[in-house]
Amino acid sequence: MSKRQRYVLLGGIALFVLMGIFPPWRYVSYLSVPREPRTAAERLDAARGRPKRRTTLEIEEKAYAPIFSPPGARSRIDLAQLSVQWIVLGAVTAGAVLTLKRNGHT
């Protein structure tokens, strides 16, 4: 293995570790908002001044954060995205190492 191949391989390993230390996170937050009346009974209640019914919205957010400091209490690591990142990194690193081998760099 040539020096360039070793550097490319070490760079790929370093990026793999960094991706594991700062993984993609997925977290869900909930927001309760009043909704517009849908039925005649709900419109009648609204006309009488009764409080509107509420709807809970689910908001999904993504972020990158250190493994020991998740962005929120309900955060989970997005394993699907992390797996894709690692697979692409492995393919690019392997391709670069093989390309350097074919070109005969020493």
# chains A, B, ... in the order shown; residues from 1 in each chain; ligands from 1

call {"tool": "select_by_dssp", "arguments": {"residues": "chain A", "states": "alpha helix (DSSP H)", "output": "ChimeraX atom specification"}}
result
/A:3-21,40-47,79-102

call {"tool": "write_last_selection", "arguments": {"atoms": "C-alpha atoms", "output": "PDB file, in the first residue's frame"}}
result
ATOM      1  CA  LYS A   3       1.622   6.465   1.191  1.00  0.00           C
ATOM      2  CA  ARG A   4      -1.232   8.148  -0.672  1.00  0.00           C
ATOM      3  CA  GLN A   5      -3.441   5.099  -0.250  1.00  0.00           C
ATOM      4  CA  ARG A   6      -2.647   5.019   3.465  1.00  0.00           C
ATOM      5  CA  TYR A   7      -3.488   8.724   3.810  1.00  0.00           C
ATOM      6  CA  VAL A   8      -6.793   8.239   1.992  1.00  0.00           C
ATOM      7  CA  LEU A   9      -7.626   5.206   4.148  1.00  0.00           C
ATOM      8  CA  LEU A  10      -6.711   7.044   7.378  1.00  0.00           C
ATOM      9  CA  GLY A  11      -8.787  10.041   6.257  1.00  0.00           C
ATOM     10  CA  GLY A  12     -11.764   7.744   5.622  1.00  0.00           C
ATOM     11  CA  ILE A  13     -11.368   6.158   9.057  1.00  0.00           C
ATOM     12  CA  ALA A  14     -11.130   9.604  10.697  1.00  0.00           C
ATOM     13  CA  LEU A  15     -14.306  10.762   8.926  1.00  0.00           C
ATOM     14  CA  PHE A  16     -16.064   7.538   9.944  1.00  0.00           C
ATOM     15  CA  VAL A  17     -15.212   8.201  13.597  1.00  0.00           C
ATOM     16  CA  LEU A  18     -16.270  11.868  13.346  1.00  0.00           C
ATOM     17  CA  MET A  19     -19.594  10.852  11.821  1.00  0.00           C
ATOM     18  CA  GLY A  20     -20.096   8.531  14.801  1.00  0.00           C
ATOM     19  CA  ILE A  21     -19.206  11.244  17.317  1.00  0.00           C
ATOM     20  CA  ALA A  40     -72.228  22.781  12.614  1.00  0.00           C
ATOM     21  CA  ALA A  41     -72.120  21.935  16.328  1.00  0.00           C
ATOM     22  CA  GLU A  42     -68.562  23.213  16.606  1.00  0.00           C
ATOM     23  CA  ARG A  43     -69.512  26.433  14.781  1.00  0.00           C
ATOM     24  CA  LEU A  44     -72.417  26.900  17.165  1.00  0.00           C
ATOM     25  CA  ASP A  45     -70.112  26.370  20.172  1.00  0.00           C
ATOM     26  CA  ALA A  46     -67.673  28.925  18.745  1.00  0.00           C
ATOM     27  CA  ALA A  47     -70.518  31.423  18.245  1.00  0.00           C
ATOM     28  CA  LEU A  79     -29.676   5.271  12.204  1.00  0.00           C
ATOM     29  CA  ALA A  80     -30.915   5.107   8.615  1.00  0.00           C
ATOM     30  CA  GLN A  81     -29.227   8.369   7.677  1.00  0.00           C
ATOM     31  CA  LEU A  82     -26.050   7.499   9.598  1.00  0.00           C
ATOM     32  CA  SER A  83     -25.874   4.118   7.852  1.00  0.00           C
ATOM     33  CA  VAL A  84     -26.221   5.749   4.436  1.00  0.00           C
ATOM     34  CA  GLN A  85     -23.485   8.256   5.316  1.00  0.00           C
ATOM     35  CA  TRP A  86     -21.137   5.449   6.397  1.00  0.00           C
ATOM     36  CA  ILE A  87     -21.882   3.353   3.280  1.00  0.00           C
ATOM     37  CA  VAL A  88     -21.221   6.299   0.952  1.00  0.00           C
ATOM     38  CA  LEU A  89     -18.018   7.147   2.827  1.00  0.00           C
ATOM     39  CA  GLY A  90     -16.852   3.541   2.576  1.00  0.00           C
ATOM     40  CA  ALA A  91     -17.579   3.426  -1.149  1.00  0.00           C
ATOM     41  CA  VAL A  92     -15.798   6.732  -1.822  1.00  0.00           C
ATOM     42  CA  THR A  93     -12.797   5.724   0.308  1.00  0.00           C
ATOM     43  CA  ALA A  94     -12.545   2.293  -1.347  1.00  0.00           C
ATOM     44  CA  GLY A  95     -12.844   3.885  -4.781  1.00  0.00           C
ATOM     45  CA  ALA A  96     -10.101   6.391  -4.003  1.00  0.00           C
ATOM     46  CA  VAL A  97      -7.765   3.671  -2.663  1.00  0.00           C
ATOM     47  CA  LEU A  98      -8.369   1.471  -5.713  1.00  0.00           C
ATOM     48  CA  THR A  99      -7.937   4.391  -8.105  1.00  0.00           C
ATOM     49  CA  LEU A 100      -4.599   5.267  -6.536  1.00  0.00           C
ATOM     50  CA  LYS A 101      -3.550   1.600  -6.815  1.00  0.00           C
ATOM     51  CA  ARG A 102      -4.435   1.470 -10.534  1.00  0.00           C
TER      52      ARG A 102
END

call {"tool": "select_by_dssp", "arguments": {"residues": "chain A", "states": "strand (DSSP E or B)", "output": "MDAnalysis selection string"}}
result
chainID A and resid 24:34 54:64 76:77

call {"tool": "closest_residue", "arguments": {"among": "A:Asp78, A:Thr55, A:Arg50, A:Pro24", "to": "Glu36 of chain A", "atoms": "only C-alpha atoms"}}
result
A:Thr55

call {"tool": "atom_distance", "arguments": {"atom1": "atom CA of Leu31 of chain A", "atom2": "atom CA of Arg74 of chain A"}}
result
14.3 Å

call {"tool": "atom_distance", "arguments": {"atom1": "atom CA of Val33 of chain A", "atom2": "atom CA of Ala63 of chain A"}}
result
24.5 Å

call {"tool": "residues_around", "arguments": {"residues": "Ile59 of chain A", "least_positions_apart": "2", "cutoff": "8 Å", "atoms": "only C-alpha atoms", "output": "PyMOL selection string"}}
result
chain A and resi 28-31+57+61

call {"tool": "write_last_selection", "arguments": {"atoms": "C-alpha atoms", "output": "PDB file, in the first residue's frame"}}
result
ATOM      1  CA  VAL A  28     -40.210  15.264  17.554  1.00  0.00           C
ATOM      2  CA  SER A  29     -41.864  18.192  19.274  1.00  0.00           C
ATOM      3  CA  TYR A  30     -45.571  18.735  19.759  1.00  0.00           C
ATOM      4  CA  LEU A  31     -47.526  21.956  19.422  1.00  0.00           C
ATOM      5  CA  LEU A  57     -49.284  19.125  15.582  1.00  0.00           C
ATOM      6  CA  GLU A  61     -36.795  18.098  13.168  1.00  0.00           C
TER       7      GLU A  61
END

call {"tool": "closest_residue", "arguments": {"among": "A:Gly49, A:Arg26, A:Arg38, A:Met1", "to": "Ile77 of chain A", "atoms": "only C-alpha atoms"}}
result
A:Arg26

call {"tool": "residues_around", "arguments": {"residues": "Ala65 of chain A", "least_positions_apart": "6", "cutoff": "8 Å", "atoms": "only C-alpha atoms", "output": "PyMOL selection string"}}
result
chain A and resi 22-25+71
